[in-house]
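Chemist: Please see the structure below; I have some questions.
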Amino acid sequence: AIGKKKRKIGVKGIIIIVLLIVLVFVLLIRWLTDLMWFNDLSYISVFLTKLFTQLKIGIPTFIVVTFLAYIYLKFIKKGYVHRVESDELPDNKKLNLITWGLAGAFGVITTYFAVTRLWFQTLQFTNSTDFDIKDPLYNIDISFYVFKLNFIEQLNQIVILLIVAFAILTFIYYSVLLSV
C-alpha cells in the first residue's frame, strides 16, 4: 500500500514491553498467591472484600489523577512553547503521546500507593460504629480515634506525597520538553 509507514519498535520499545510483561507477571503471581491462601483458609469473602475495596478506590483514583496530570502537563507545555523561541517546531503528535504516557504512568504509580495504603483504613472509616464514650478533652466519640483518625492521617500523607510527585513529574516533563 502506498503511503503507509512501517513502525519500528526499537530497543527502547522492546525493553518497555518486556518490563511491562514482567510487572504484570509479578502482580499476577502475587494476586494468585493471595487468592489461594485465602481460599485455603476458607476466607474467600475477605479476599473479595479486599479486592472490591481496592477497585472502588483504585479506578476513580486512576482516572482522576491521570486526567489531572495530563491537564497539568498540557499547561506546562503551553507555557513552555510560549516562552521558548525556536525555529524548530516540536512534533506535537509524539509529544502528546509522551504526555499521555507520563500521565498514565503517574496515575498508575499514584493509584498503587493509594490503594495499598488506604484499602483497610477505608473499610474502617466507612464501617465505623460509635462507642458512646466521649473523649474528655475534645468531647469526640472514642471511635473517631480508633476508626477514622488513621484514615485521615494516611490521606494527608498521600496528598503530601502527591505534591512531591507532581514536582518530580514537572522536572521529568521539562526534561522531555528540552530534548524534543
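The chains in the C-alpha cells are called A, B, ... from first to last as shown; in each chain the residues are counted from 1, and the ligands are counted from 1 in the order shown.
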Can you list, as a compact mmCIF listing (two decimals) with all heavy atoms, in the first residue's frame, every protein, DNA or RNA residue that comes within 12 Å of stretch 92-94 of chain A when you count only C-alpha atoms, leaving out same-chain residues fewer than 6 positions away?
Modeler:
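Ended up saving to part_0.txt:
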# COMPACT_ATOMS: atom_id res chain seq x y z
N LYS A 74 -0.19 19.53 30.04
CA LYS A 74 -0.56 20.37 28.89
C LYS A 74 -0.35 21.85 29.20
O LYS A 74 0.10 22.61 28.34
CB LYS A 74 -2.03 20.13 28.49
CG LYS A 74 -2.27 18.78 27.85
CD LYS A 74 -1.44 18.59 26.61
CE LYS A 74 -2.26 18.83 25.39
NZ LYS A 74 -1.55 18.49 24.16
N LYS A 77 3.33 22.47 28.97
CA LYS A 77 3.74 22.52 27.56
C LYS A 77 3.34 23.86 26.93
O LYS A 77 4.13 24.47 26.20
CB LYS A 77 3.10 21.36 26.79
CG LYS A 77 3.43 21.36 25.32
CD LYS A 77 2.66 20.26 24.62
CE LYS A 77 2.54 20.60 23.16
NZ LYS A 77 1.51 19.85 22.50
N LYS A 78 2.14 24.30 27.21
CA LYS A 78 1.66 25.56 26.64
C LYS A 78 2.54 26.73 27.11
O LYS A 78 2.93 27.58 26.30
CB LYS A 78 0.21 25.79 27.05
CG LYS A 78 -0.43 27.00 26.44
CD LYS A 78 -1.89 27.11 26.88
CE LYS A 78 -2.54 28.34 26.29
NZ LYS A 78 -3.92 28.49 26.76
N VAL A 81 6.08 26.41 25.41
CA VAL A 81 6.11 26.77 23.98
C VAL A 81 6.03 28.28 23.81
O VAL A 81 6.67 28.84 22.93
CB VAL A 81 4.95 26.05 23.23
CG1 VAL A 81 4.77 26.59 21.83
CG2 VAL A 81 5.20 24.55 23.19
N TRP A 100 0.59 11.72 27.41
CA TRP A 100 -0.36 10.71 27.89
C TRP A 100 0.37 9.57 28.60
O TRP A 100 -0.12 9.04 29.61
CB TRP A 100 -1.22 10.16 26.75
CG TRP A 100 -2.45 10.95 26.49
CD1 TRP A 100 -2.74 11.68 25.38
CD2 TRP A 100 -3.57 11.12 27.37
NE1 TRP A 100 -3.97 12.28 25.51
CE2 TRP A 100 -4.50 11.96 26.72
CE3 TRP A 100 -3.87 10.66 28.64
CZ2 TRP A 100 -5.71 12.33 27.30
CZ3 TRP A 100 -5.09 11.03 29.22
CH2 TRP A 100 -5.98 11.85 28.55
N GLY A 101 1.52 9.17 28.08
CA GLY A 101 2.29 8.10 28.71
C GLY A 101 2.75 8.48 30.10
O GLY A 101 2.64 7.68 31.05
N VAL A 176 11.87 16.28 29.16
CA VAL A 176 11.37 15.79 27.88
C VAL A 176 11.18 16.94 26.90
O VAL A 176 11.55 16.84 25.73
CB VAL A 176 10.03 15.02 28.09
CG1 VAL A 176 9.33 14.77 26.76
CG2 VAL A 176 10.27 13.72 28.80
N LEU A 177 10.63 18.05 27.38
CA LEU A 177 10.42 19.21 26.51
C LEU A 177 11.74 19.76 25.98
O LEU A 177 11.83 20.19 24.82
CB LEU A 177 9.64 20.30 27.24
CG LEU A 177 8.16 20.05 27.48
CD1 LEU A 177 7.56 21.13 28.36
CD2 LEU A 177 7.41 19.93 26.17
N VAL A 180 12.99 17.45 23.16
CA VAL A 180 12.19 17.40 21.95
C VAL A 180 12.38 18.65 21.23
O VAL A 180 12.57 19.39 20.64
CB VAL A 180 10.70 17.18 22.25
CG1 VAL A 180 9.86 17.30 21.00
CG2 VAL A 180 10.51 15.84 22.87
Chemist: Pick the closest to A:Gly58 from A:Leu155, A:Val115, A:Val84, A:Leu20: which is it, counting only C-alpha atoms?
Modeler: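 Of the candidates, the smallest distance to A:Gly58 is held by A:Val115.
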Chemist: Any idea what the distance is between atom CA of A:Ala114 and atom CA of A:Phe151?
Modeler: 11.3 Å
Chemist: Could you tell me which of A:Phe25, A:Leu95, A:Ser45, A:Phe125 comes closest to A:Leu178 if we count only C-alpha atoms?
Modeler: A:Leu95
Chemist: What is the distance, in Å and to one decimal place, between atom CA of A:Gln154 and atom CA of A:Leu118?
Modeler: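 Between atom CA of A:Gln154 and atom CA of A:Leu118 the gap works out to 7.0 Å.
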Chemist: Once DSSP has gone over the backbone, tell me which residues of chain A are in alpha helix (DSSP H), as a PyMOL selection string.
Modeler: chain A and resi 10-40+44-83+92-126+143+149-179
Chemist: In Å, rounded to a single decimal, give me how far atom CA of A:Asn150 is from atom CA of A:Gln121.
Modeler: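 The value is 6.8 Å.
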Chemist: In terms of the shortest atom-to-atom distance over only C-alpha atoms, which of A:Thr61, A:Thr33, A:Ser175, A:Thr49 is closest to A:Gly104?
Modeler: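 Of the candidates, the smallest distance to A:Gly104 is held by A:Thr61.
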Chemist: Using only C-alpha atoms for the distances, tell me which of A:Leu102, A:Ile17, A:Ile57, A:Ile140 is nearest to A:Ala69.
Modeler: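 Going through A:Leu102, A:Ile17, A:Ile57, A:Ile140 one by one, the smallest distance to A:Ala69 is for A:Leu102.
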